[in-house]
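run08.cif, holding mmCIF, C-alpha atoms (C1' of nucleotides):
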```cif
data_work
loop_
_atom_site.group_PDB
_atom_site.id
_atom_site.type_symbol
_atom_site.label_atom_id
_atom_site.label_comp_id
_atom_site.auth_asym_id
_atom_site.auth_seq_id
_atom_site.Cartn_x
_atom_site.Cartn_y
_atom_site.Cartn_z
ATOM 1 C CA MET A 1 72.167 -18.243 -17.678
ATOM 2 C CA GLU A 2 73.736 -14.839 -18.041
ATOM 3 C CA TYR A 3 77.089 -14.135 -16.395
ATOM 4 C CA LYS A 4 78.988 -10.884 -16.753
ATOM 5 C CA GLY A 5 77.896 -10.336 -20.306
ATOM 6 C CA TYR A 6 78.321 -13.924 -21.413
ATOM 7 C CA LYS A 7 75.715 -16.571 -21.951
ATOM 8 C CA ILE A 8 76.781 -19.734 -20.178
ATOM 9 C CA THR A 9 75.244 -23.168 -20.178
ATOM 10 C CA GLU A 10 76.301 -26.310 -18.403
ATOM 11 C CA GLY A 11 76.479 -29.624 -20.228
ATOM 12 C CA LYS A 12 77.750 -33.023 -19.257
ATOM 13 C CA ASN A 13 81.038 -32.275 -17.479
ATOM 14 C CA ARG A 14 81.389 -29.140 -19.547
ATOM 15 C CA VAL A 15 80.623 -25.452 -19.711
ATOM 16 C CA ILE A 16 79.734 -23.561 -22.851
ATOM 17 C CA VAL A 17 80.297 -19.849 -22.960
ATOM 18 C CA GLU A 18 78.766 -17.798 -25.749
ATOM 19 C CA ASN A 19 79.423 -14.282 -27.043
ATOM 20 C CA VAL A 20 83.168 -14.697 -26.531
ATOM 21 C CA ILE A 21 85.284 -12.578 -28.862
ATOM 22 C CA ASP A 22 89.008 -11.929 -29.196
ATOM 23 C CA PHE A 23 89.737 -15.527 -28.246
ATOM 24 C CA ASN A 24 91.858 -17.899 -30.297
ATOM 25 C CA PRO A 25 93.277 -20.971 -28.531
ATOM 26 C CA VAL A 26 96.213 -21.190 -30.925
ATOM 27 C CA HIS A 27 97.169 -17.588 -30.272
ATOM 28 C CA ILE A 28 96.629 -17.854 -26.531
ATOM 29 C CA PHE A 29 98.439 -21.097 -25.913
ATOM 30 C CA GLU A 30 101.219 -20.744 -28.475
ATOM 31 C CA CYS A 31 102.158 -17.140 -27.851
ATOM 32 C CA GLY A 32 104.724 -18.185 -25.293
ATOM 33 C CA GLN A 33 103.100 -17.243 -22.019
ATOM 34 C CA CYS A 34 102.388 -20.768 -20.791
ATOM 35 C CA PHE A 35 104.016 -24.187 -20.907
ATOM 36 C CA ARG A 36 101.357 -26.665 -19.893
ATOM 37 C CA TRP A 37 98.823 -26.547 -22.723
ATOM 38 C CA LEU A 38 99.019 -29.143 -25.474
ATOM 39 C CA ARG A 39 97.292 -29.034 -28.800
ATOM 40 C CA GLN A 40 95.092 -32.065 -29.465
ATOM 41 C CA PRO A 41 94.463 -33.682 -32.847
ATOM 42 C CA ASP A 42 91.053 -31.976 -33.077
ATOM 43 C CA GLY A 43 92.603 -28.537 -32.589
ATOM 44 C CA SER A 44 91.467 -28.146 -28.998
ATOM 45 C CA TYR A 45 93.933 -27.655 -26.131
ATOM 46 C CA THR A 46 94.304 -29.662 -22.960
ATOM 47 C CA GLY A 47 96.142 -28.208 -20.031
ATOM 48 C CA VAL A 48 96.709 -28.207 -16.320
ATOM 49 C CA ALA A 49 96.097 -25.038 -14.346
ATOM 50 C CA LYS A 50 94.509 -24.047 -11.056
ATOM 51 C CA GLY A 51 94.968 -27.598 -9.818
ATOM 52 C CA ARG A 52 92.635 -28.899 -12.526
ATOM 53 C CA VAL A 53 92.922 -30.373 -15.996
ATOM 54 C CA ILE A 54 90.557 -29.118 -18.678
ATOM 55 C CA ASN A 55 90.158 -29.131 -22.429
ATOM 56 C CA VAL A 56 89.437 -25.914 -24.283
ATOM 57 C CA SER A 57 87.960 -25.400 -27.722
ATOM 58 C CA TYR A 58 86.571 -22.376 -29.466
ATOM 59 C CA ASN A 59 84.397 -21.908 -32.525
ATOM 60 C CA ASN A 60 82.536 -18.834 -33.738
ATOM 61 C CA GLY A 61 82.184 -17.059 -30.450
ATOM 62 C CA LYS A 62 81.493 -20.248 -28.549
ATOM 63 C CA LEU A 63 84.031 -21.250 -25.918
ATOM 64 C CA GLU A 64 83.786 -24.786 -24.644
ATOM 65 C CA LEU A 65 85.489 -25.923 -21.469
ATOM 66 C CA TYR A 66 85.466 -29.654 -20.898
ATOM 67 C CA ASN A 67 85.966 -31.451 -17.563
ATOM 68 C CA THR A 68 84.645 -28.612 -15.475
ATOM 69 C CA ASN A 69 81.444 -27.006 -14.200
ATOM 70 C CA ILE A 70 79.809 -23.606 -13.832
ATOM 71 C CA GLU A 71 81.057 -23.142 -10.306
ATOM 72 C CA ASP A 72 84.687 -23.547 -11.370
ATOM 73 C CA PHE A 73 84.089 -21.412 -14.408
ATOM 74 C CA LYS A 74 82.960 -18.551 -12.211
ATOM 75 C CA SER A 75 85.585 -18.958 -9.526
ATOM 76 C CA LEU A 76 88.578 -19.986 -11.653
ATOM 77 C CA TRP A 77 88.367 -19.920 -15.429
ATOM 78 C CA PHE A 78 86.659 -16.603 -15.949
ATOM 79 C CA ASP A 79 89.607 -14.942 -14.264
ATOM 80 C CA TYR A 80 92.251 -17.261 -15.712
ATOM 81 C CA PHE A 81 91.216 -16.465 -19.283
ATOM 82 C CA ASP A 82 90.884 -12.788 -18.453
ATOM 83 C CA LEU A 83 87.313 -12.839 -19.718
ATOM 84 C CA GLY A 84 86.449 -9.662 -17.873
ATOM 85 C CA ARG A 85 88.730 -7.607 -20.092
ATOM 86 C CA ASP A 86 87.693 -5.944 -23.319
ATOM 87 C CA TYR A 87 90.451 -6.965 -25.717
ATOM 88 C CA SER A 88 88.977 -4.918 -28.510
ATOM 89 C CA LEU A 89 89.841 -1.900 -26.418
ATOM 90 C CA VAL A 90 93.300 -3.269 -25.661
ATOM 91 C CA LYS A 91 93.955 -3.700 -29.374
ATOM 92 C CA GLU A 92 92.730 -0.220 -30.111
ATOM 93 C CA LYS A 93 95.178 1.143 -27.560
ATOM 94 C CA VAL A 94 98.224 -0.722 -28.844
ATOM 95 C CA MET A 95 97.603 -0.307 -32.583
ATOM 96 C CA ARG A 96 99.526 2.928 -32.711
ATOM 97 C CA ASP A 97 101.189 2.349 -36.069
ATOM 98 C CA GLU A 98 101.295 0.059 -39.067
ATOM 99 C CA ILE A 99 103.655 -2.373 -37.372
ATOM 100 C CA MET A 100 101.351 -2.877 -34.424
ATOM 101 C CA LYS A 101 98.355 -3.176 -36.739
ATOM 102 C CA GLN A 102 100.156 -6.029 -38.475
ATOM 103 C CA ALA A 103 101.111 -7.691 -35.212
ATOM 104 C CA VAL A 104 97.629 -7.373 -33.729
ATOM 105 C CA SER A 105 95.951 -8.677 -36.835
ATOM 106 C CA PHE A 106 98.325 -11.633 -36.835
ATOM 107 C CA GLY A 107 97.654 -12.513 -33.183
ATOM 108 C CA SER A 108 94.125 -11.160 -32.972
ATOM 109 C CA GLY A 109 92.952 -13.835 -30.551
ATOM 110 C CA ILE A 110 95.696 -13.423 -27.983
ATOM 111 C CA ARG A 111 94.704 -13.085 -24.348
ATOM 112 C CA LEU A 112 97.041 -12.764 -21.413
ATOM 113 C CA LEU A 113 96.332 -15.595 -19.019
ATOM 114 C CA ARG A 114 96.230 -14.760 -15.342
ATOM 115 C CA GLN A 115 98.374 -17.632 -14.145
ATOM 116 C CA ASP A 116 99.481 -18.623 -10.686
ATOM 117 C CA ILE A 117 102.454 -16.437 -9.847
ATOM 118 C CA TRP A 118 104.430 -19.133 -8.060
ATOM 119 C CA GLU A 119 104.171 -21.468 -11.051
ATOM 120 C CA THR A 120 104.946 -18.609 -13.417
ATOM 121 C CA LEU A 121 108.049 -17.615 -11.495
ATOM 122 C CA ILE A 122 109.511 -21.119 -11.480
ATOM 123 C CA SER A 123 108.535 -21.749 -15.106
ATOM 124 C CA PHE A 124 110.303 -18.632 -16.323
ATOM 125 C CA ILE A 125 113.385 -19.348 -14.229
ATOM 126 C CA ILE A 126 113.499 -22.557 -16.248
ATOM 127 C CA SER A 127 113.074 -20.610 -19.479
ATOM 128 C CA ALA A 128 116.447 -18.885 -19.194
ATOM 129 C CA ASN A 129 118.712 -19.758 -22.111
ATOM 130 C CA ASN A 130 116.363 -22.616 -22.954
ATOM 131 C CA ARG A 131 113.982 -23.677 -25.695
ATOM 132 C CA ILE A 132 110.228 -23.989 -25.440
ATOM 133 C CA PRO A 133 109.975 -27.781 -25.923
ATOM 134 C CA MET A 134 112.634 -28.276 -23.267
ATOM 135 C CA ILE A 135 110.937 -25.875 -20.870
ATOM 136 C CA MET A 136 107.680 -27.780 -21.304
ATOM 137 C CA LYS A 137 109.389 -31.111 -20.653
ATOM 138 C CA THR A 138 111.070 -29.834 -17.513
ATOM 139 C CA VAL A 139 107.927 -28.219 -16.084
ATOM 140 C CA ASN A 140 106.040 -31.434 -16.758
ATOM 141 C CA ALA A 141 108.727 -33.546 -15.123
ATOM 142 C CA ILE A 142 108.756 -31.332 -12.041
ATOM 143 C CA SER A 143 104.965 -31.613 -11.843
ATOM 144 C CA GLU A 144 105.100 -35.398 -12.196
ATOM 145 C CA THR A 145 107.730 -35.642 -9.501
ATOM 146 C CA TYR A 146 106.439 -33.154 -6.951
ATOM 147 C CA GLY A 147 102.860 -32.361 -7.974
ATOM 148 C CA ARG A 148 99.555 -34.086 -7.374
ATOM 149 C CA GLU A 149 98.032 -36.620 -9.721
ATOM 150 C CA ILE A 150 94.718 -35.700 -11.314
ATOM 151 C CA GLU A 151 92.708 -37.337 -14.056
ATOM 152 C CA MET A 152 90.649 -36.622 -17.137
ATOM 153 C CA ASP A 153 89.123 -39.342 -19.318
ATOM 154 C CA ASN A 154 91.172 -42.000 -17.518
ATOM 155 C CA LYS A 155 94.370 -40.210 -18.356
ATOM 156 C CA LYS A 156 96.707 -38.982 -15.659
ATOM 157 C CA TYR A 157 97.953 -35.411 -15.361
ATOM 158 C CA TYR A 158 99.966 -33.665 -12.672
ATOM 159 C CA THR A 159 99.425 -30.311 -11.028
ATOM 160 C CA PHE A 160 102.289 -27.914 -10.595
ATOM 161 C CA PRO A 161 103.801 -28.587 -7.139
ATOM 162 C CA LYS A 162 102.939 -26.602 -4.073
ATOM 163 C CA LEU A 163 105.631 -24.397 -2.609
ATOM 164 C CA SER A 164 106.135 -26.644 0.412
ATOM 165 C CA ASP A 165 106.524 -29.754 -1.745
ATOM 166 C CA LEU A 166 109.038 -28.246 -4.156
ATOM 167 C CA SER A 167 111.012 -26.800 -1.260
ATOM 168 C CA ARG A 168 111.635 -30.320 -0.045
ATOM 169 C CA ALA A 169 113.208 -31.334 -3.346
ATOM 170 C CA THR A 170 116.891 -32.146 -3.634
ATOM 171 C CA ILE A 171 119.231 -30.960 -6.347
ATOM 172 C CA GLU A 172 119.952 -34.565 -7.304
ATOM 173 C CA LYS A 173 116.285 -35.391 -7.844
ATOM 174 C CA LEU A 174 115.605 -32.098 -9.586
ATOM 175 C CA GLU A 175 118.403 -32.772 -12.022
ATOM 176 C CA LEU A 176 116.406 -35.758 -13.290
ATOM 177 C CA CYS A 177 113.869 -33.175 -14.520
ATOM 178 C CA ARG A 178 116.566 -31.851 -16.874
ATOM 179 C CA ALA A 179 116.634 -28.355 -15.534
ATOM 180 C CA GLY A 180 120.428 -28.343 -15.627
ATOM 181 C CA PHE A 181 122.156 -25.343 -14.111
ATOM 182 C CA ARG A 182 118.741 -23.893 -13.219
ATOM 183 C CA CYS A 183 118.114 -26.537 -10.529
ATOM 184 C CA LYS A 184 119.912 -24.504 -7.891
ATOM 185 C CA TYR A 185 117.880 -21.434 -8.836
ATOM 186 C CA ILE A 186 114.585 -23.302 -8.558
ATOM 187 C CA LEU A 187 115.434 -24.765 -5.198
ATOM 188 C CA GLY A 188 116.928 -21.526 -3.903
ATOM 189 C CA THR A 189 113.833 -19.564 -4.880
ATOM 190 C CA ALA A 190 111.439 -22.134 -3.446
ATOM 191 C CA ARG A 191 113.270 -22.220 -0.138
ATOM 192 C CA MET A 192 113.480 -18.445 0.200
ATOM 193 C CA ILE A 193 109.702 -18.249 -0.049
ATOM 194 C CA ASN A 194 109.007 -21.330 2.012
ATOM 195 C CA GLU A 195 111.199 -20.130 4.850
ATOM 196 C CA GLY A 196 109.457 -16.790 4.868
ATOM 197 C CA GLU A 197 112.482 -14.809 3.790
ATOM 198 C CA MET A 198 110.606 -13.692 0.667
ATOM 199 C CA SER A 199 106.947 -13.587 -0.313
ATOM 200 C CA LEU A 200 105.016 -13.249 -3.540
ATOM 201 C CA ASP A 201 101.960 -11.851 -1.795
ATOM 202 C CA GLY A 202 102.938 -8.211 -1.692
ATOM 203 C CA LEU A 203 103.901 -7.766 -5.338
ATOM 204 C CA ALA A 204 100.513 -6.594 -6.539
ATOM 205 C CA SER A 205 100.474 -3.684 -4.126
ATOM 206 C CA MET A 206 103.984 -2.508 -5.064
ATOM 207 C CA ASN A 207 104.653 -0.201 -7.949
ATOM 208 C CA THR A 208 106.023 -1.944 -11.018
ATOM 209 C CA LYS A 209 109.641 -0.979 -10.513
ATOM 210 C CA ASP A 210 109.660 -2.132 -6.892
ATOM 211 C CA ALA A 211 107.945 -5.382 -7.843
ATOM 212 C CA ARG A 212 110.557 -6.045 -10.527
ATOM 213 C CA ASP A 213 113.457 -5.244 -8.179
ATOM 214 C CA TYR A 214 111.970 -7.451 -5.509
ATOM 215 C CA LEU A 215 111.665 -10.428 -7.861
ATOM 216 C CA LYS A 216 115.250 -9.947 -8.999
ATOM 217 C CA ARG A 217 116.397 -10.861 -5.504
ATOM 218 C CA PHE A 218 115.538 -14.470 -6.281
ATOM 219 C CA PRO A 219 118.365 -16.546 -7.752
ATOM 220 C CA GLY A 220 117.953 -17.064 -11.482
ATOM 221 C CA VAL A 221 115.706 -14.021 -11.834
ATOM 222 C CA GLY A 222 116.923 -11.112 -13.911
ATOM 223 C CA PRO A 223 114.958 -8.392 -15.705
ATOM 224 C CA LYS A 224 113.424 -10.688 -18.332
ATOM 225 C CA VAL A 225 112.213 -13.389 -15.946
ATOM 226 C CA ALA A 226 110.948 -10.763 -13.497
ATOM 227 C CA ASP A 227 108.882 -9.030 -16.185
ATOM 228 C CA CYS A 228 107.489 -12.313 -17.519
ATOM 229 C CA THR A 229 106.483 -13.335 -14.022
ATOM 230 C CA LEU A 230 104.674 -10.058 -13.432
ATOM 231 C CA LEU A 231 102.954 -10.043 -16.805
ATOM 232 C CA TYR A 232 101.870 -13.659 -17.154
ATOM 233 C CA SER A 233 100.523 -13.823 -13.634
ATOM 234 C CA GLY A 234 98.384 -10.782 -14.334
ATOM 235 C CA THR A 235 100.151 -8.828 -11.606
ATOM 236 C CA LYS A 236 101.489 -5.949 -13.729
ATOM 237 C CA TYR A 237 100.709 -5.041 -17.319
ATOM 238 C CA ASP A 238 103.000 -2.063 -17.794
ATOM 239 C CA VAL A 239 106.063 -4.244 -18.337
ATOM 240 C CA PHE A 240 107.753 -5.112 -21.599
ATOM 241 C CA PRO A 241 109.649 -8.405 -21.276
ATOM 242 C CA THR A 242 112.525 -8.043 -23.672
ATOM 243 C CA ASP A 243 114.015 -11.268 -24.918
ATOM 244 C CA VAL A 244 116.000 -11.879 -28.083
ATOM 245 C CA TRP A 245 112.854 -12.055 -30.235
ATOM 246 C CA VAL A 246 111.436 -8.806 -28.956
ATOM 247 C CA LYS A 247 114.840 -7.188 -29.287
ATOM 248 C CA ARG A 248 115.088 -8.357 -32.889
ATOM 249 C CA VAL A 249 111.624 -7.200 -33.836
ATOM 250 C CA MET A 250 112.152 -3.833 -32.183
ATOM 251 C CA GLU A 251 115.473 -3.341 -33.932
ATOM 252 C CA GLU A 252 114.194 -4.414 -37.299
ATOM 253 C CA LEU A 253 110.822 -2.683 -37.270
ATOM 254 C CA TYR A 254 111.254 0.328 -34.990
ATOM 255 C CA PHE A 255 114.848 1.313 -34.444
ATOM 256 C CA LYS A 256 116.262 0.211 -37.813
ATOM 257 C CA ARG A 257 119.555 -0.362 -36.048
ATOM 258 C CA GLU A 258 121.158 -2.263 -33.190
ATOM 259 C CA THR A 259 120.060 -1.150 -29.784
ATOM 260 C CA GLY A 260 120.157 -2.184 -26.155
ATOM 261 C CA PHE A 261 117.861 -3.443 -23.459
ATOM 262 C CA ALA A 262 117.601 -0.086 -21.694
ATOM 263 C CA GLU A 263 116.667 1.803 -24.823
ATOM 264 C CA ILE A 264 113.939 -0.668 -25.733
ATOM 265 C CA GLN A 265 112.541 -0.531 -22.218
ATOM 266 C CA SER A 266 112.276 3.222 -22.123
ATOM 267 C CA PHE A 267 110.814 3.352 -25.612
ATOM 268 C CA ALA A 268 108.130 0.804 -24.685
ATOM 269 C CA ARG A 269 107.260 2.597 -21.472
ATOM 270 C CA GLU A 270 106.902 5.866 -23.285
ATOM 271 C CA TYR A 271 105.157 4.536 -26.380
ATOM 272 C CA PHE A 272 102.793 1.885 -25.011
ATOM 273 C CA GLY A 273 102.454 3.034 -21.399
ATOM 274 C CA GLU A 274 100.150 0.900 -19.302
ATOM 275 C CA TYR A 275 99.502 -1.358 -22.295
ATOM 276 C CA ALA A 276 103.158 -2.274 -22.825
ATOM 277 C CA GLY A 277 102.673 -5.876 -21.751
ATOM 278 C CA PHE A 278 99.919 -6.475 -24.284
ATOM 279 C CA ALA A 279 101.938 -4.831 -27.035
ATOM 280 C CA GLN A 280 104.892 -7.041 -26.185
ATOM 281 C CA GLN A 281 102.782 -10.155 -26.487
ATOM 282 C CA TYR A 282 101.429 -9.271 -29.923
ATOM 283 C CA LEU A 283 104.938 -8.337 -31.071
ATOM 284 C CA PHE A 284 106.598 -11.436 -29.670
ATOM 285 C CA TYR A 285 104.092 -13.775 -31.271
ATOM 286 C CA TYR A 286 104.321 -11.936 -34.574
ATOM 287 C CA ALA A 287 108.113 -11.952 -34.530
ATOM 288 C CA ARG A 288 108.554 -15.558 -33.534
ATOM 289 C CA GLU A 289 105.955 -17.054 -35.855
ATOM 290 C CA ASN A 290 107.257 -15.043 -38.798
ATOM 291 C CA LYS A 291 110.887 -15.456 -37.784
ATOM 292 C CA ILE A 292 111.412 -11.744 -37.953
ATOM 293 C CA GLY A 293 115.040 -10.893 -37.378
ATOM 294 C CA ALA A 294 116.046 -14.550 -37.323
ATOM 295 C CA ASN A 295 119.380 -14.931 -39.020
ATOM 296 C "C1'" DT B 1 128.245 -40.885 -37.845
ATOM 297 C "C1'" DT B 2 130.356 -37.375 -35.188
ATOM 298 C "C1'" DG B 3 130.918 -32.756 -33.741
ATOM 299 C "C1'" DC B 4 129.626 -28.299 -32.751
ATOM 300 C "C1'" DA B 5 126.923 -24.144 -32.255
ATOM 301 C "C1'" DG B 6 123.378 -22.027 -29.915
ATOM 302 C "C1'" DG B 7 118.993 -21.286 -27.463
ATOM 303 C "C1'" DG B 8 112.450 -17.109 -24.315
ATOM 304 C "C1'" DG B 9 118.949 -15.170 -19.681
ATOM 305 C "C1'" DT B 10 121.498 -14.908 -15.411
ATOM 306 C "C1'" DC B 11 125.554 -14.875 -12.667
ATOM 307 C "C1'" DA B 12 130.122 -13.716 -11.456
ATOM 308 C "C1'" DA B 13 134.395 -11.659 -12.415
ATOM 309 C "C1'" DT C 1 130.992 -5.943 -20.494
ATOM 310 C "C1'" DT C 2 131.964 -10.852 -21.302
ATOM 311 C "C1'" DG C 3 132.114 -15.800 -20.963
ATOM 312 C "C1'" DA C 4 130.253 -20.021 -18.812
ATOM 313 C "C1'" DC C 5 126.362 -22.707 -18.147
ATOM 314 C "C1'" DC C 6 122.800 -28.102 -18.435
ATOM 315 C "C1'" DC C 7 120.715 -30.257 -22.002
ATOM 316 C "C1'" DC C 8 119.043 -31.062 -26.444
ATOM 317 C "C1'" DT C 9 118.313 -30.317 -31.365
ATOM 318 C "C1'" DG C 10 119.611 -29.084 -35.939
ATOM 319 C "C1'" DC C 11 122.789 -29.098 -39.308
ATOM 320 C "C1'" DA C 12 127.325 -29.480 -41.411
#
```
Once more with this new file: its structure as structure tokens, please.
Amino acid sequence: MEYKGYKITEGKNRVIVENVIDFNPVHIFECGQCFRWLRQPDGSYTGVAKGRVINVSYNNGKLELYNTNIEDFKSLWFDYFDLGRDYSLVKEKVMRDEIMKQAVSFGSGIRLLRQDIWETLISFIISANNRIPMIMKTVNAISETYGREIEMDNKKYYTFPKLSDLSRATIEKLELCRAGFRCKYILGTARMINEGEMSLDGLASMNTKDARDYLKRFPGVGPKVADCTLLYSGTKYDVFPTDVWVKRVMEELYFKRETGFAEIQSFAREYFGEYAGFAQQYLFYYARENKIGAN
DNA sequence: TTGCAGGGGTCAA
DNA sequence: TTGACCCCTGCA
């Protein structure tokens, strides 16, 4: 059948989507926006999202989602993989110079996943002063401890915990998930939302600055975590999360000198405008994979 | 083998 | 503006 410009067919516990372009699982899942997708020996990726576990592979315009059905594809995965967006247009918009042409060509199959904002917020609180393998371990441990068990091919996986379940956690038990000094931030944030003191529901209708300031009221959330939360949940795209890698690549390729957070932010806003978030993602992936600016 | 620096930042002084 | 911070890995 035809669905929003794609040809989709249903197979045994799987959905095949044809005519998919600008989609590369390696770029998407390894560009740093998510922590729950694992590369399999055959090159496909298995991950937990939307309360489900699926396996994703892609070859020559054909996207294959295993352990799902057409109904879930329409209601969940189409949106999650941002399949309604024309990434060729996005690339055109951000390729403003030779540097961006390089970065885009390097990460040509990147897509910004539209992830659950609650999970994204907690995951990026964990990311502070941390390394990716550790972040993945901690998010997994939290899911195993407080999430729900699901299954694919007789293997167990765990969904990211609901707000109410994580709110009931204790610092002592959370510490077993190896979140270290971030445990108090996780619990503090969860409880503020659970008790109704704060809410993630209104962020989309705020302007970007207000949304960022609002998120920064959570413990463990500063400018970087706030911007990541907004961008990787698909809430705001005119943000430019600036971590050490982005700072390095901006200094080395654009500024040709040392600079600060504020200067990079205003440059990105001015230069990339509403596409800043996409530009950041191409740049980050390019910088990290090529160790640009690494000592 | 042991020791130490440092990491996708944030907080507090 | 500057150091401390959980925990783990990489590298002397």
inquiry  = Please compute the CA of Thr138 in chain A-CA of Leu200 in chain A distance, one decimal, in Å.
reply    =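 About the pair CA of Thr138 in chain A and CA of Leu200 in chain A: they are 22.5 Å apart.
Across the chains present, the PyMOL selection byres ((chain B) within 10 of (chain A)) applied to this file returns B:DG6, B:DG7, B:DG8, B:DG9, B:DT10, B:DC11.
For the structure in this document, the set picked by the PyMOL selection byres ((chain C and resi 5) around 9) is Gly180 and Phe181 of chain A; DA4 and DC6 of chain C.
What the PyMOL selection byres ((chain A and resi 54-60) around 8) grabs from this file is Phe23, Asn24, Pro25, Gly43, Ser44, Tyr45, Thr46, Gly47, Val48, Arg52, Val53, Gly61, Lys62, Leu63, Glu64, Leu65, Tyr66, Asn67, Thr68 and Met152 of chain A.
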request  = May I have the residues within 12 Å of DC11 in chain C as a list in words, using only C-alpha atoms (C1' of nucleotides) and disregarding those fewer than 6 positions away in the same chain?
outcome  = DT2, DG3, DC4, DA5 and DG6 of chain B
Can you write just those residues out, C-alpha atoms (C1' of nucleotides), as a PDB file, keeping the file's coordinate frame?
```
ATOM      1  C1'  DT B   2     130.356 -37.375 -35.188  1.00  0.00           C
ATOM      2  C1'  DG B   3     130.918 -32.756 -33.741  1.00  0.00           C
ATOM      3  C1'  DC B   4     129.626 -28.299 -32.751  1.00  0.00           C
ATOM      4  C1'  DA B   5     126.923 -24.144 -32.255  1.00  0.00           C
ATOM      5  C1'  DG B   6     123.378 -22.027 -29.915  1.00  0.00           C
TER       6       DG B   6
END
```
Report as lines of an AutoDock Vina configuration file the centre and the edge lengths, in Å to one decimal, of the axis-aligned box holding every listed atom of range 15-33 of chain A, padded by 8 Å on each side.
```
center_x = 91.7
center_y = -18.7
center_z = -25.3
size_x = 42.0
size_y = 29.5
size_z = 27.2
```
request  = Could you check how far CA of Glu195 in chain A sits from CA of Phe218 in chain A, in Å to one decimal?
outcome  = 13.2 Å
query = So, counting only C-alpha atoms, which residue among A:Ser105, A:Ser75, A:Ser143, A:Thr9 is closest to Tyr282 in chain A?
reply =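 Of the candidates, the smallest distance to Tyr282 in chain A is held by A:Ser105.
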For chain C, the nearest of the candidates A:Lys155, A:Lys137, A:Arg148, A:Lys291, counting all atoms listed in the file =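 Closest residue, counting all atoms listed in the file: A:Lys137.
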message = Just the number, please: distance in Å from CA of Lys93 in chain A to CA of Arg288 in chain A, one decimal.
response =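 Atom-to-atom, CA of Lys93 in chain A and CA of Arg288 in chain A are spaced 22.2 Å apart.
Compared by their closest atoms to Arg191 in chain A, and using all atoms listed in the file, the residues A:Ile150, A:Met206, A:Ile122, A:Ala179 rank with A:Ile122 nearest.
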Close residues, DA13 in chain B itself excluded, 12 Å, all atoms listed in the file, min 3 positions apart in chain, as a PDB file with C-alpha atoms (C1' of nucleotides), in the frame of the given file:
```pdb
ATOM      1  C1'  DT C   1     130.992  -5.943 -20.494  1.00  0.00           C
ATOM      2  C1'  DT C   2     131.964 -10.852 -21.302  1.00  0.00           C
ATOM      3  C1'  DG C   3     132.114 -15.800 -20.963  1.00  0.00           C
ATOM      4  C1'  DA C   4     130.253 -20.021 -18.812  1.00  0.00           C
TER       5       DA C   4
END
```
